[in-house]
Amino acid sequence: MKQYLFKGRLIGKICPECQEALAGARVRLYRVASEQATAQAVAAAKDTFAILSAQQVEAKASRLLAEAVCDAQGSFAILLDERQKYAGEAFEIDALCESVPGAAPGAAAVQFTITVLQPQWRQGEQGWIAAWEYALPHRQWCAVRGKFDAWTICGQVSVCDSTQPVMGVRVFAFDADWIQDDPLGSGVTDAAGHFRIDYSGSSFRRTPFSPTINIEWSGGPDVYFRIEAPDGTPLLIEDRALARTPARENIGHCHCVKLCIKEVPQPQTPPTQPLFTNVGQYHVDPIYGDFTADGLTSPSGSAASYAFTGTIPLIGILPEGTSTLAVHYRFRVAEYEASGTLLGT
């Protein structure tokens with residue numbers, strides 16, 4: 001059986017200096033409609049991009065070849081063969097996003113067409129292979145994010161009159177309003193001085209009378225910033241009047257900014273390393289023997305081999321929010337009958 005492996009990666013640009021992988025997006029390959037095949041195959045992606053309505057998605061459903069979900073890096077792999085009656089021809093590439101960072105609660109999924117591609121297949125050991133990587137221009141990707149009422153500020157903090165980045169400071173963004181100034185969120189700078197703030201439209205549309213009355217005279221927020229050292233010392237306090245200048249007024253769903261402070265703050269105490277020590281009354285450290293190898297409670301005592309249900313308290317050392325390094329915890333989840341019989345992981 002002749003097989004075709006199509007591997008790719010999708011990212012979206014917030015702005016030239018800031019981009020994100022389309023993690024969790026569903027890549028869908030469609031046969032090209034015969035009456036459009038020639039014109040679409042030679043068209044540039046910027047001319048074929050289109051956000052689709054539910055009716056348009058339904059209309060092309062019969063042409064679906066295969067689909068795959070992007071991983072955390074935006075990578076995907078799709079195998080095509082004779083079962084789809086595929087023989088190496090061009091296909092249409094769509095992506096379906098169910099959510100994006102900063103999306104408003106309850107926002108509907110968005111599907112969009114990217115381009116028509118004739119893969120450059122090369123012979124491999126198991127069949128034919130083609131690779132494709134694409135970065136959605138910020139105008140297109142931010143239009144998709146706008147459908148989720150998702151807003152993002154990407155920026156960099158450096159020392160004024162230099163290119164030295166400032167790491168570990170917290171940047172706060174505010175919307176200057178006639179009635180009240182709305183906090184949009186905050187982000188901590190990484191080793192390159194970059195930070196990111198995600199927020200939804202409700203962050204700047206609320207008023208003291210929300211949710212009964214929400215007012216925003218212009219389409220987007222009017223922003224100004226504050227920067228603090230890890231210990232809370234102010235390093236930059238912008239005048240809110242800056243929010244009424246052309247560069248800051250009525251910003252779009254994607255906005256990039258460069259900020260500077262006079263000098264790097266003095267080294268602070270290292271951030272607290274978060275650590276969960278207990279799940280409820282049970283110790284995480286295996287030296288206590290509170291858990292079995294399967295993750296159930298200790299095989300001895302009145303609570304032998306019990307599983308956890310409902311709200312599970314995690315007890316331990318909590319971070320204060322100043323660390324720029326994320327700590328990831330992994331949990332294995334399984335469903336059991338009341339008798340302890342495993343139903344499925």
# chains A, B, ... in the order shown; residues from 1 in each chain; ligands from 1
>>> select_by_dssp(residues="region 141-324 of chain A", states="helix (DSSP H, G or I)", output="PyMOL selection string")
chain A and resi 141-147+202-205+240-244+286-288
>>> residues_around(residues="Ala104 (chain A)", least_positions_apart="6", cutoff="10 Å", atoms="only C-alpha atoms", output="PyMOL selection string")
chain A and resi 147-151+199-203
>>> write_last_selection(atoms="N, CA and C atoms", output="compact mmCIF listing (two decimals), in the first residue's frame")
# COMPACT_ATOMS: atom_id res chain seq x y z
N LYS A 147 -11.82 36.53 17.02
CA LYS A 147 -13.08 35.79 17.07
C LYS A 147 -13.33 35.20 18.46
N PHE A 148 -12.26 35.02 19.24
CA PHE A 148 -12.38 34.50 20.61
C PHE A 148 -12.43 35.63 21.64
N ASP A 149 -12.46 36.88 21.17
CA ASP A 149 -12.37 38.04 22.05
C ASP A 149 -11.12 37.93 22.93
N ALA A 150 -10.03 37.44 22.31
CA ALA A 150 -8.76 37.25 23.01
C ALA A 150 -7.81 38.38 22.64
N TRP A 151 -7.17 38.95 23.64
CA TRP A 151 -6.28 40.10 23.46
C TRP A 151 -4.92 39.76 24.09
N TYR A 199 -5.42 38.63 27.98
CA TYR A 199 -6.63 39.07 28.66
C TYR A 199 -7.79 39.00 27.67
N SER A 200 -8.99 38.99 28.18
CA SER A 200 -10.17 38.98 27.32
C SER A 200 -10.80 40.37 27.30
N GLY A 201 -11.71 40.57 26.37
CA GLY A 201 -12.33 41.88 26.23
C GLY A 201 -13.07 42.34 27.46
N SER A 202 -13.58 41.39 28.27
CA SER A 202 -14.31 41.77 29.48
C SER A 202 -13.42 42.52 30.46
N SER A 203 -12.10 42.37 30.34
CA SER A 203 -11.17 43.03 31.26
C SER A 203 -11.23 44.54 31.17
>>> closest_residue(among="A:Tyr4, A:Trp128, A:Tyr336, A:Tyr288", to="Glu82 (chain A)", atoms="only C-alpha atoms")
A:Tyr4
>>> residues_around(residues="Asp175 (chain A)", least_positions_apart="5", cutoff="6 Å", atoms="only C-alpha atoms", output="VMD selection string")
chain A and resid 181 to 182 221 to 223
>>> select_by_dssp(residues="region 52-145 of chain A", states="strand (DSSP E)", output="number ranges by chain")
A: 64-69, 75-80, 91-97, 110-117, 122-123, 128-136
>>> write_last_selection(atoms="N, CA and C atoms", output="tab-separated table (two decimals), in the first residue's frame")
chain	number	residue	atom	x	y	z
A	64	LEU	N	-13.27	16.06	3.08
A	64	LEU	CA	-12.24	15.87	4.11
A	64	LEU	C	-11.44	14.60	3.85
A	65	LEU	N	-10.12	14.73	3.81
A	65	LEU	CA	-9.23	13.59	3.62
A	65	LEU	C	-8.81	12.99	4.96
A	66	ALA	N	-8.25	13.82	5.84
A	66	ALA	CA	-7.75	13.36	7.14
A	66	ALA	C	-7.48	14.58	8.00
A	67	GLU	N	-7.24	14.34	9.29
A	67	GLU	CA	-6.95	15.44	10.21
A	67	GLU	C	-6.06	14.94	11.34
A	68	ALA	N	-5.42	15.88	12.02
A	68	ALA	CA	-4.56	15.56	13.16
A	68	ALA	C	-4.50	16.77	14.08
A	69	VAL	N	-4.17	16.53	15.35
A	69	VAL	CA	-4.10	17.59	16.35
A	69	VAL	C	-2.65	18.01	16.57
A	75	SER	N	3.34	21.06	16.15
A	75	SER	CA	3.69	20.06	15.15
A	75	SER	C	2.58	19.03	14.99
A	76	PHE	N	2.48	18.47	13.79
A	76	PHE	CA	1.47	17.46	13.51
A	76	PHE	C	2.01	16.50	12.45
A	77	ALA	N	1.36	15.35	12.32
A	77	ALA	CA	1.71	14.38	11.28
A	77	ALA	C	0.43	13.70	10.82
A	78	ILE	N	0.25	13.61	9.52
A	78	ILE	CA	-0.96	13.00	8.94
A	78	ILE	C	-0.53	11.95	7.92
A	79	LEU	N	-1.07	10.74	8.06
A	79	LEU	CA	-0.77	9.65	7.14
A	79	LEU	C	-1.90	9.48	6.15
A	80	LEU	N	-1.57	9.52	4.88
A	80	LEU	CA	-2.54	9.34	3.80
A	80	LEU	C	-2.15	8.12	2.97
A	91	PHE	N	-3.73	19.43	-1.89
A	91	PHE	CA	-4.88	19.45	-0.99
A	91	PHE	C	-5.00	20.81	-0.31
A	92	GLU	N	-6.16	21.05	0.22
A	92	GLU	CA	-6.46	22.30	0.93
A	92	GLU	C	-6.20	22.09	2.41
A	93	ILE	N	-5.55	23.05	3.05
A	93	ILE	CA	-5.20	22.94	4.46
A	93	ILE	C	-6.02	23.92	5.28
A	94	ASP	N	-6.78	23.39	6.23
A	94	ASP	CA	-7.55	24.19	7.19
A	94	ASP	C	-7.02	23.93	8.59
A	95	ALA	N	-7.34	24.82	9.50
A	95	ALA	CA	-7.06	24.61	10.92
A	95	ALA	C	-8.30	24.96	11.72
A	96	LEU	N	-8.59	24.14	12.72
A	96	LEU	CA	-9.72	24.38	13.61
A	96	LEU	C	-9.18	24.64	15.01
A	97	CYS	N	-9.43	25.82	15.54
A	97	CYS	CA	-9.01	26.18	16.89
A	97	CYS	C	-10.22	26.20	17.80
A	110	VAL	N	-13.23	28.13	15.98
A	110	VAL	CA	-13.05	28.85	14.72
A	110	VAL	C	-12.26	27.98	13.75
A	111	GLN	N	-12.78	27.79	12.55
A	111	GLN	CA	-12.04	27.08	11.51
A	111	GLN	C	-11.70	28.06	10.40
A	112	PHE	N	-10.47	27.94	9.88
A	112	PHE	CA	-10.05	28.84	8.81
A	112	PHE	C	-9.23	28.07	7.79
A	113	THR	N	-9.33	28.51	6.55
A	113	THR	CA	-8.55	27.95	5.46
A	113	THR	C	-7.22	28.70	5.37
A	114	ILE	N	-6.12	27.95	5.24
A	114	ILE	CA	-4.81	28.57	5.15
A	114	ILE	C	-4.35	28.68	3.70
A	115	THR	N	-4.29	27.53	3.01
A	115	THR	CA	-3.78	27.56	1.65
A	115	THR	C	-4.08	26.23	0.96
A	116	VAL	N	-3.81	26.18	-0.34
A	116	VAL	CA	-3.79	24.93	-1.10
A	116	VAL	C	-2.33	24.60	-1.38
A	117	LEU	N	-1.93	23.39	-1.06
A	117	LEU	CA	-0.52	23.01	-1.15
A	117	LEU	C	-0.34	21.77	-2.00
A	122	ARG	N	9.05	13.17	-1.22
A	122	ARG	CA	10.31	12.49	-1.45
A	122	ARG	C	10.20	11.06	-0.92
A	123	GLN	N	10.91	10.19	-1.55
A	123	GLN	CA	10.83	8.77	-1.22
A	123	GLN	C	11.51	8.50	0.12
A	128	TRP	N	6.23	7.80	0.98
A	128	TRP	CA	6.56	9.16	0.57
A	128	TRP	C	6.36	10.12	1.74
A	129	ILE	N	7.29	11.09	1.85
A	129	ILE	CA	7.28	12.03	2.98
A	129	ILE	C	7.38	13.45	2.46
A	130	ALA	N	6.63	14.35	3.09
A	130	ALA	CA	6.73	15.77	2.79
A	130	ALA	C	6.62	16.56	4.10
A	131	ALA	N	7.36	17.66	4.17
A	131	ALA	CA	7.35	18.51	5.36
A	131	ALA	C	6.93	19.92	4.98
A	132	TRP	N	6.23	20.56	5.88
A	132	TRP	CA	5.70	21.92	5.62
A	132	TRP	C	5.61	22.66	6.94
A	133	GLU	N	6.11	23.85	6.98
A	133	GLU	CA	6.01	24.70	8.17
A	133	GLU	C	5.48	26.06	7.75
A	134	TYR	N	4.54	26.58	8.54
A	134	TYR	CA	3.92	27.84	8.14
A	134	TYR	C	3.66	28.71	9.36
A	135	ALA	N	3.98	29.98	9.20
A	135	ALA	CA	3.71	30.98	10.24
A	135	ALA	C	2.60	31.90	9.74
A	136	LEU	N	1.46	31.86	10.40
A	136	LEU	CA	0.36	32.74	10.03
A	136	LEU	C	0.78	34.19	10.30
>>> residues_around(residues="Leu259 (chain A)", least_positions_apart="2", cutoff="7 Å", atoms="only C-alpha atoms", output="list of chain:residue names")
A:Gln156, A:Val157, A:Ser158, A:Val257
>>> residues_around(residues="Gly187 (chain A)", least_positions_apart="5", cutoff="12 Å", atoms="only C-alpha atoms", output="ChimeraX atom specification")
/A:152-157,167-173,193-199,225-228,230,321-324
>>> closest_residue(among="A:Arg139, A:Asp285, A:Phe308, A:Phe204", to="Pro16 (chain A)", atoms="only C-alpha atoms")
A:Arg139
>>> atom_distance(atom1="CA of His255 (chain A)", atom2="CA of Ser53 (chain A)")
26.4 Å
>>> atom_distance(atom1="CA of Cys142 (chain A)", atom2="CA of Ser99 (chain A)")
13.0 Å
>>> atom_distance(atom1="CA of Gly24 (chain A)", atom2="CA of Cys70 (chain A)")
5.1 Å
>>> closest_residue(among="A:Phe291, A:Gln19, A:Lys2, A:Ile51", to="Lys85 (chain A)", atoms="only C-alpha atoms")
A:Lys2
